[in-house]
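Peer 1: Sending over a structure as structure tokens; questions will come in a sec.
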Amino acid sequence: MSDWRAAQGWGPDFEEAFAPHASKKLSPARVTLVYRKQLKVLSHRGEHWARTGGTLIHRADNPGELPAVGDWVAARVPDEGEALVHAVLPRRSAFIRKVAGDNAVPQVLATNLDTVLVVMGLDRDFSLRRLERFLTLAWESRASPVVVLNKKDLAEALDAQVERARAISRDAALHVGCALTGEGLEPLAALVGFGKTVALLGSSGVGKSTLVNRLVGAEVMETGGVRDDGRGRHTTTRRELLVLPGGGAIVDTPGLREVQMWAAEDGLAKTFDDVEALARSCRFADCRHDAEPGCAVKAALEDGTLPEERFASWVELQREMAWLKQPRESRGRPESKRRERVGHGVRRK
Ligand SMILES: Nc1nc2c(ncn2[C@@H]2O[C@H](COP(=O)(O)OP(=O)(O)OP(=O)(O)O)[C@@H](O)[C@H]2O)c(=O)[nH]1
Ligand SMILES: [Mg+2]
Ligand SMILES: [Zn+2]
């Protein structure tokens, strides 16, 4: 009877979380789109509009607790018209970043994911530092991160780029290919299908929607090519969960210009396990890796086994996370701190 749920990854965990709502005549549904105050959900009725209930809005401590794309919810689903979401079921996984700007507020990009495809272009977009940010949040999400280096055909120094990205990706799988032809990306097909949810994240123009079309095997998303009428380019503007006919789902997202940290200590430890292992072997447990004797980090920096930029990146991401924990009044601006640290742009005393 509820095959559509299994197809979307429903399992005993959600069944249990939903049980108390069943008696209130609510139905399970999965959020496929969040657009301002409007939601779209998939329910036994198919895909239709929904709205977040007032009680849920009032009880939420922060926007991160409101329905996000991928969420399983308990909703009142009438025979026709809008559904009303009463509760969000606990998430198996969630990809969260800090909203852009100075507010320490979480933005939940997608939830209940099995795999996060971190897509990066081998052309202009290539940045190891950004890859570290995405990987940290992807590990923290509890989904499996998979790095996709796309636009192989446009790579200027393919072997060197792949080698450097592999060194950063560590435990995450990495694939190199071309979304236009599908070459090299065949293994990704195994990640998509019945019961599975995959999300694609990365900068704008790296080929996420092109890859979605390839994985789905149809032109379901418009991609960044110049339009036929020659006016502007197609770029994805909404996060959207595409329900696949054979089961499973793919979440395509608009390109992210910046990926600021949200609390992600575990993700950081995973992404920087090399640096953290060094830090643990410093003589002093509270070593600041500055001028202390017996500092293993400093030694690795000096003999070149730990690249300077990787260390700087680890320090920076920790700093962003520490900033989030400070009380609002003493926080200051995150950006100004970053400039000081990196040592370019405006210096403030
Ligand atoms: N040469 C080359 N071009 C590609 C490849 N993959 C995608 N493209 C092109 O790159 C452009 C951007 O692709 P999209 O798939 O729209 O990129 P996106 O990541 O979805 O971009 P946003 O929606 O803005 O986040 C399009 O013109 C694609 O045809 C590739 O492997 N090689
Ligand atoms: Mg797109
Ligand atoms: Zn040290």
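Chain identifiers are assigned as A, B, and so on, following the order in which chains appear in the structure tokens; residues are numbered from 1 within each chain, and ligands are numbered from 1 in order of appearance.
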Identify, counting only C-alpha atoms and all ligand atoms, the protein, DNA and RNA residues located within 9 Å of ligand 3, and give them as a PyMOL selection string.
Peer 2: chain A and resi 278-299
Peer 1: Report as a short mmCIF file (atom, residue, chain, number, x, y, z; two decimals) with C-alpha atoms, in the first residue's frame all protein, DNA and RNA residues lying within 9 Å of Leu191 (chain A), evaluated on only C-alpha atoms, omitting residues in the same chain fewer than 4 positions from it.
Peer 2:
data_model
loop_
_atom_site.label_atom_id
_atom_site.label_comp_id
_atom_site.auth_asym_id
_atom_site.auth_seq_id
_atom_site.Cartn_x
_atom_site.Cartn_y
_atom_site.Cartn_z
CA ASP A 114 22.19 9.02 1.56
CA THR A 115 24.79 10.68 -0.61
CA PRO A 187 29.74 4.64 -11.10
CA LYS A 196 17.90 6.43 -2.04
CA THR A 197 18.27 10.17 -1.98
CA VAL A 198 21.20 12.00 -3.54
#
Peer 1: Would you compute the distance between CA of Val220 (chain A) and CA of Gly195 (chain A)? Give it in Å to one decimal.
Peer 2: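 These atoms are spaced 19.7 Å apart.
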Peer 1: Please provide the set of residues having any atom within 12 Å of Gly11 (chain A), restricted to only C-alpha atoms, with same-chain residues fewer than 2 positions apart removed, written as a VMD selection string.
Peer 2: chain A and resid 2 to 9 13 to 18 28 72 91 to 92 112 195 to 196
Peer 1: How about saving the chosen residues, C-alpha atoms kept, as a PDB file, in the first residue's frame?
Peer 2:
ATOM      1  CA  SER A   2       2.671   2.564   0.896  1.00  0.00           C
ATOM      2  CA  ASP A   3       5.193   1.627  -1.725  1.00  0.00           C
ATOM      3  CA  TRP A   4       5.851   5.251  -2.503  1.00  0.00           C
ATOM      4  CA  ARG A   5       7.242   5.654   1.010  1.00  0.00           C
ATOM      5  CA  ALA A   6       9.674   2.781   0.683  1.00  0.00           C
ATOM      6  CA  ALA A   7      10.671   4.180  -2.697  1.00  0.00           C
ATOM      7  CA  GLN A   8      11.560   7.416  -0.887  1.00  0.00           C
ATOM      8  CA  GLY A   9      13.598   5.735   1.819  1.00  0.00           C
ATOM      9  CA  ASP A  13      13.021   4.831  12.186  1.00  0.00           C
ATOM     10  CA  PHE A  14      10.470   7.103  10.515  1.00  0.00           C
ATOM     11  CA  GLU A  15       7.650   4.646  11.230  1.00  0.00           C
ATOM     12  CA  GLU A  16       8.436   4.896  14.913  1.00  0.00           C
ATOM     13  CA  ALA A  17       8.784   8.676  14.901  1.00  0.00           C
ATOM     14  CA  PHE A  18       5.515   8.978  13.023  1.00  0.00           C
ATOM     15  CA  PRO A  28       3.348  11.035   6.310  1.00  0.00           C
ATOM     16  CA  TRP A  72       9.567  13.572   6.244  1.00  0.00           C
ATOM     17  CA  ARG A  91      16.263  13.689  10.242  1.00  0.00           C
ATOM     18  CA  ARG A  92      18.584  10.865   9.321  1.00  0.00           C
ATOM     19  CA  ASN A 112      17.493  12.618   4.708  1.00  0.00           C
ATOM     20  CA  GLY A 195      14.910   4.156  -1.500  1.00  0.00           C
ATOM     21  CA  LYS A 196      17.897   6.426  -2.039  1.00  0.00           C
TER      22      LYS A 196
END
Peer 1: Mind listing the residues within 9 Å of ligand 1, only C-alpha atoms and all ligand atoms counted, as a ChimeraX atom specification?
Peer 2: /A:119-123,149-154,177-183,200-213,221-226,233-238,252-256
Peer 1: Of the candidates A:Thr271, A:Gln260, A:Ser330, A:Gln161, which one gets nearest to Ser127 (chain A) if we count only C-alpha atoms?
Peer 2: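 Among the listed residues, the smallest separation from Ser127 (chain A) belongs to A:Gln161.
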Peer 1: Rank nothing, just name the residue among A:Arg239, A:His175, A:Arg97, A:Arg328 nearest to ligand 2, using only C-alpha atoms and all ligand atoms.
Peer 2: A:Arg239
Peer 1: I need the strand (DSSP E) residues of region 64-280 of chain A per DSSP on the backbone, written as number ranges by chain.
Peer 2: A: 72-76, 83-88, 94-98, 106-111, 115-121, 144-150, 173-176, 197-202, 240-243, 249-252
Peer 1: Since we have the selection now, will you write its residues out, keeping N, CA and C atoms, as a compact mmCIF listing (two decimals), in the first residue's frame?
Peer 2:
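Ended up saving to result.txt:
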# COMPACT_ATOMS: atom_id res chain seq x y z
N TRP A 72 10.81 14.31 6.04
CA TRP A 72 9.57 13.57 6.24
C TRP A 72 8.77 14.34 7.28
N VAL A 73 7.52 14.57 7.00
CA VAL A 73 6.69 15.35 7.91
C VAL A 73 5.39 14.61 8.21
N ALA A 74 4.75 15.03 9.30
CA ALA A 74 3.40 14.57 9.60
C ALA A 74 2.48 15.70 9.20
N ALA A 75 1.57 15.42 8.28
CA ALA A 75 0.74 16.50 7.72
C ALA A 75 -0.72 16.10 7.65
N ARG A 76 -1.55 17.14 7.74
CA ARG A 76 -2.96 16.90 7.47
C ARG A 76 -3.14 17.02 5.95
N ALA A 83 -1.99 20.86 1.86
CA ALA A 83 -1.81 20.09 3.10
C ALA A 83 -1.23 21.02 4.17
N LEU A 84 -1.35 20.63 5.43
CA LEU A 84 -0.82 21.44 6.53
C LEU A 84 0.18 20.60 7.32
N VAL A 85 1.41 21.09 7.39
CA VAL A 85 2.46 20.32 8.06
C VAL A 85 2.44 20.60 9.57
N HIS A 86 2.30 19.54 10.35
CA HIS A 86 2.25 19.68 11.81
C HIS A 86 3.59 19.42 12.48
N ALA A 87 4.38 18.52 11.93
CA ALA A 87 5.65 18.18 12.59
C ALA A 87 6.66 17.68 11.56
N VAL A 88 7.93 17.94 11.89
CA VAL A 88 9.02 17.42 11.07
C VAL A 88 9.59 16.21 11.80
N ALA A 94 21.36 15.70 7.44
CA ALA A 94 20.99 17.06 7.01
C ALA A 94 22.24 17.83 6.62
N PHE A 95 22.19 18.47 5.47
CA PHE A 95 23.31 19.31 5.04
C PHE A 95 22.96 20.74 5.44
N ILE A 96 23.76 21.30 6.35
CA ILE A 96 23.45 22.61 6.93
C ILE A 96 24.63 23.55 6.78
N ARG A 97 24.36 24.78 6.36
CA ARG A 97 25.42 25.79 6.39
C ARG A 97 24.90 26.98 7.17
N LYS A 98 25.77 27.93 7.45
CA LYS A 98 25.33 29.17 8.05
C LYS A 98 24.77 30.03 6.94
N PRO A 106 21.24 28.86 11.10
CA PRO A 106 21.48 27.72 10.20
C PRO A 106 20.54 27.74 9.01
N GLN A 107 21.03 27.28 7.89
CA GLN A 107 20.18 27.08 6.72
C GLN A 107 20.30 25.61 6.33
N VAL A 108 19.18 24.92 6.41
CA VAL A 108 19.17 23.49 6.09
C VAL A 108 18.94 23.35 4.59
N LEU A 109 19.95 22.88 3.88
CA LEU A 109 19.83 22.83 2.41
C LEU A 109 19.07 21.60 1.95
N ALA A 110 19.29 20.47 2.58
CA ALA A 110 18.58 19.25 2.19
C ALA A 110 18.75 18.21 3.29
N THR A 111 17.75 17.35 3.43
CA THR A 111 17.79 16.39 4.53
C THR A 111 17.50 14.96 4.05
N THR A 115 23.54 10.25 0.00
CA THR A 115 24.79 10.68 -0.61
C THR A 115 24.77 12.18 -0.89
N VAL A 116 25.87 12.84 -0.62
CA VAL A 116 26.05 14.23 -1.04
C VAL A 116 27.12 14.23 -2.12
N LEU A 117 26.73 14.63 -3.33
CA LEU A 117 27.71 14.78 -4.40
C LEU A 117 28.27 16.20 -4.33
N VAL A 118 29.52 16.30 -4.00
CA VAL A 118 30.17 17.61 -3.98
C VAL A 118 30.78 17.81 -5.37
N VAL A 119 30.15 18.67 -6.15
CA VAL A 119 30.56 18.82 -7.55
C VAL A 119 31.47 20.04 -7.70
N MET A 120 32.59 19.81 -8.34
CA MET A 120 33.53 20.91 -8.58
C MET A 120 33.99 20.83 -10.03
N GLY A 121 34.17 21.98 -10.64
CA GLY A 121 34.63 22.01 -12.03
C GLY A 121 36.15 21.96 -12.09
N SER A 144 26.89 10.15 3.00
CA SER A 144 28.23 9.86 2.49
C SER A 144 28.63 10.89 1.43
N PRO A 145 29.75 11.56 1.63
CA PRO A 145 30.19 12.50 0.61
C PRO A 145 30.88 11.80 -0.54
N VAL A 146 30.60 12.26 -1.75
CA VAL A 146 31.29 11.77 -2.93
C VAL A 146 31.72 13.00 -3.73
N VAL A 147 33.00 13.09 -4.02
CA VAL A 147 33.51 14.24 -4.76
C VAL A 147 33.42 13.95 -6.25
N VAL A 148 32.87 14.90 -7.00
CA VAL A 148 32.81 14.77 -8.45
C VAL A 148 33.60 15.91 -9.08
N LEU A 149 34.68 15.56 -9.75
CA LEU A 149 35.44 16.57 -10.48
C LEU A 149 34.92 16.54 -11.91
N ASN A 150 34.20 17.58 -12.27
CA ASN A 150 33.52 17.60 -13.57
C ASN A 150 34.28 18.46 -14.58
N ALA A 173 34.81 9.10 -1.55
CA ALA A 173 35.05 8.62 -2.92
C ALA A 173 35.21 9.81 -3.85
N LEU A 174 35.94 9.61 -4.93
CA LEU A 174 36.16 10.70 -5.87
C LEU A 174 36.04 10.17 -7.30
N HIS A 175 35.30 10.90 -8.14
CA HIS A 175 35.16 10.51 -9.54
C HIS A 175 35.49 11.70 -10.42
N VAL A 176 36.11 11.41 -11.53
CA VAL A 176 36.52 12.46 -12.46
C VAL A 176 35.85 12.18 -13.78
N THR A 197 18.34 8.75 -1.66
CA THR A 197 18.27 10.17 -1.98
C THR A 197 19.68 10.72 -2.12
N VAL A 198 19.89 11.41 -3.23
CA VAL A 198 21.20 12.00 -3.54
C VAL A 198 21.01 13.49 -3.71
N ALA A 199 21.91 14.29 -3.14
CA ALA A 199 21.85 15.74 -3.37
C ALA A 199 23.13 16.19 -4.04
N LEU A 200 23.02 17.18 -4.92
CA LEU A 200 24.19 17.74 -5.58
C LEU A 200 24.44 19.15 -5.06
N LEU A 201 25.67 19.40 -4.65
CA LEU A 201 26.03 20.71 -4.13
C LEU A 201 27.31 21.19 -4.77
N GLY A 202 27.45 22.49 -4.90
CA GLY A 202 28.65 23.04 -5.50
C GLY A 202 28.39 24.45 -6.00
N GLU A 240 15.26 21.67 -5.15
CA GLU A 240 14.10 20.88 -5.53
C GLU A 240 14.41 19.40 -5.45
N LEU A 241 13.53 18.63 -4.84
CA LEU A 241 13.70 17.19 -4.79
C LEU A 241 12.91 16.58 -5.94
N LEU A 242 13.63 15.91 -6.83
CA LEU A 242 12.99 15.28 -7.99
C LEU A 242 12.70 13.84 -7.64
N VAL A 243 11.43 13.49 -7.68
CA VAL A 243 11.02 12.13 -7.38
C VAL A 243 11.21 11.29 -8.64
N ALA A 249 15.26 9.63 -5.14
CA ALA A 249 15.12 11.05 -5.41
C ALA A 249 16.48 11.70 -5.59
N ILE A 250 16.47 12.80 -6.36
CA ILE A 250 17.68 13.60 -6.53
C ILE A 250 17.34 15.03 -6.18
N VAL A 251 18.18 15.64 -5.35
CA VAL A 251 17.98 17.04 -4.99
C VAL A 251 18.98 17.88 -5.77
N ASP A 252 18.47 18.74 -6.66
CA ASP A 252 19.34 19.68 -7.36
C ASP A 252 19.27 20.99 -6.59
Peer 1: Considering only C-alpha atoms, return as a list in words whatever protein or nucleic-acid residues lie within 10 Å of Ala263 (chain A), sequence-local ones (same chain, fewer than 5 positions apart) excluded.
Peer 2: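 Within the cut-off, the hits are Ile96, Arg97, Lys98, Pro106, Thr136, Leu137, Glu140, Leu268, Leu317, Gln318, Glu320, Met321, Ala322, Trp323, Leu324 and Lys325 of chain A.
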Peer 1: Those residues you just picked out, can you put them in a file as a PDB file, in the first residue's frame with N, CA and C atoms?
Peer 2:
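Contents of result11.pdb, as written:
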ATOM      1  N   ILE A  96      23.762  21.295   6.350  1.00  0.00           N
ATOM      2  CA  ILE A  96      23.449  22.608   6.930  1.00  0.00           C
ATOM      3  C   ILE A  96      24.629  23.550   6.777  1.00  0.00           C
ATOM      4  N   ARG A  97      24.363  24.778   6.364  1.00  0.00           N
ATOM      5  CA  ARG A  97      25.418  25.789   6.387  1.00  0.00           C
ATOM      6  C   ARG A  97      24.901  26.979   7.171  1.00  0.00           C
ATOM      7  N   LYS A  98      25.775  27.930   7.447  1.00  0.00           N
ATOM      8  CA  LYS A  98      25.331  29.172   8.051  1.00  0.00           C
ATOM      9  C   LYS A  98      24.766  30.032   6.943  1.00  0.00           C
ATOM     10  N   PRO A 106      21.240  28.859  11.104  1.00  0.00           N
ATOM     11  CA  PRO A 106      21.476  27.724  10.204  1.00  0.00           C
ATOM     12  C   PRO A 106      20.537  27.742   9.007  1.00  0.00           C
ATOM     13  N   THR A 136      33.630  19.172   4.809  1.00  0.00           N
ATOM     14  CA  THR A 136      33.380  19.264   6.248  1.00  0.00           C
ATOM     15  C   THR A 136      31.879  19.228   6.530  1.00  0.00           C
ATOM     16  N   LEU A 137      31.118  20.018   5.783  1.00  0.00           N
ATOM     17  CA  LEU A 137      29.665  20.029   5.994  1.00  0.00           C
ATOM     18  C   LEU A 137      29.021  18.730   5.522  1.00  0.00           C
ATOM     19  N   GLU A 140      29.644  16.121   8.139  1.00  0.00           N
ATOM     20  CA  GLU A 140      28.809  16.461   9.289  1.00  0.00           C
ATOM     21  C   GLU A 140      27.336  16.101   9.040  1.00  0.00           C
ATOM     22  N   LEU A 268      34.693  18.326  10.641  1.00  0.00           N
ATOM     23  CA  LEU A 268      36.036  18.902  10.570  1.00  0.00           C
ATOM     24  C   LEU A 268      37.081  17.839  10.903  1.00  0.00           C
ATOM     25  N   LEU A 317      38.437  27.404   9.592  1.00  0.00           N
ATOM     26  CA  LEU A 317      37.135  26.762   9.777  1.00  0.00           C
ATOM     27  C   LEU A 317      36.812  26.618  11.266  1.00  0.00           C
ATOM     28  N   GLN A 318      37.832  26.348  12.060  1.00  0.00           N
ATOM     29  CA  GLN A 318      37.614  26.283  13.514  1.00  0.00           C
ATOM     30  C   GLN A 318      37.180  27.637  14.052  1.00  0.00           C
ATOM     31  N   GLU A 320      35.617  29.992  12.445  1.00  0.00           N
ATOM     32  CA  GLU A 320      34.219  30.265  12.080  1.00  0.00           C
ATOM     33  C   GLU A 320      33.255  29.543  13.012  1.00  0.00           C
ATOM     34  N   MET A 321      33.623  28.334  13.394  1.00  0.00           N
ATOM     35  CA  MET A 321      32.750  27.581  14.298  1.00  0.00           C
ATOM     36  C   MET A 321      32.758  28.177  15.700  1.00  0.00           C
ATOM     37  N   ALA A 322      33.917  28.638  16.139  1.00  0.00           N
ATOM     38  CA  ALA A 322      34.019  29.254  17.467  1.00  0.00           C
ATOM     39  C   ALA A 322      33.173  30.530  17.494  1.00  0.00           C
ATOM     40  N   TRP A 323      33.188  31.251  16.388  1.00  0.00           N
ATOM     41  CA  TRP A 323      32.412  32.493  16.276  1.00  0.00           C
ATOM     42  C   TRP A 323      30.927  32.207  16.510  1.00  0.00           C
ATOM     43  N   LEU A 324      30.453  31.088  15.969  1.00  0.00           N
ATOM     44  CA  LEU A 324      29.038  30.736  16.104  1.00  0.00           C
ATOM     45  C   LEU A 324      28.635  30.529  17.555  1.00  0.00           C
ATOM     46  N   LYS A 325      29.603  30.103  18.355  1.00  0.00           N
ATOM     47  CA  LYS A 325      29.289  29.763  19.750  1.00  0.00           C
ATOM     48  C   LYS A 325      29.320  30.971  20.673  1.00  0.00           C
TER      49      LYS A 325
END
Peer 1: Go through A:Lys40, A:Glu219, A:Asp79, A:Phe126 and flag the residue nearest ligand 2, using only C-alpha atoms and all ligand atoms for the distances.
Peer 2: A:Glu219
Peer 1: One decimal, in Å: what's the spacing between CA of Gly54 (chain A) and CA of His21 (chain A)?
Peer 2: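 Going from CA of Gly54 (chain A) over to CA of His21 (chain A), I get 16.6 Å.
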Peer 1: Taking the DSSP secondary structure from the backbone, can you list the residues of region 133-285 of chain A that are helix (DSSP H, G or I), as an MDAnalysis selection string?
Peer 2: chainID A and resid 133:141 152:154 158:169 186:191 208:216 265:271 273:280
Peer 1: Tell me which of A:Leu39, A:Arg59, A:Glu132, A:Ala29 sits closest to Glu309 (chain A), counting only C-alpha atoms.
Peer 2: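 The answer is A:Glu132, which sits nearest to Glu309 (chain A).
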Peer 1: Just give me the gap between CA of Trp49 (chain A) and CA of Arg36 (chain A) in Å, one decimal is fine.
Peer 2: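 Atom-to-atom, CA of Trp49 (chain A) and CA of Arg36 (chain A) are spaced 12.4 Å apart.
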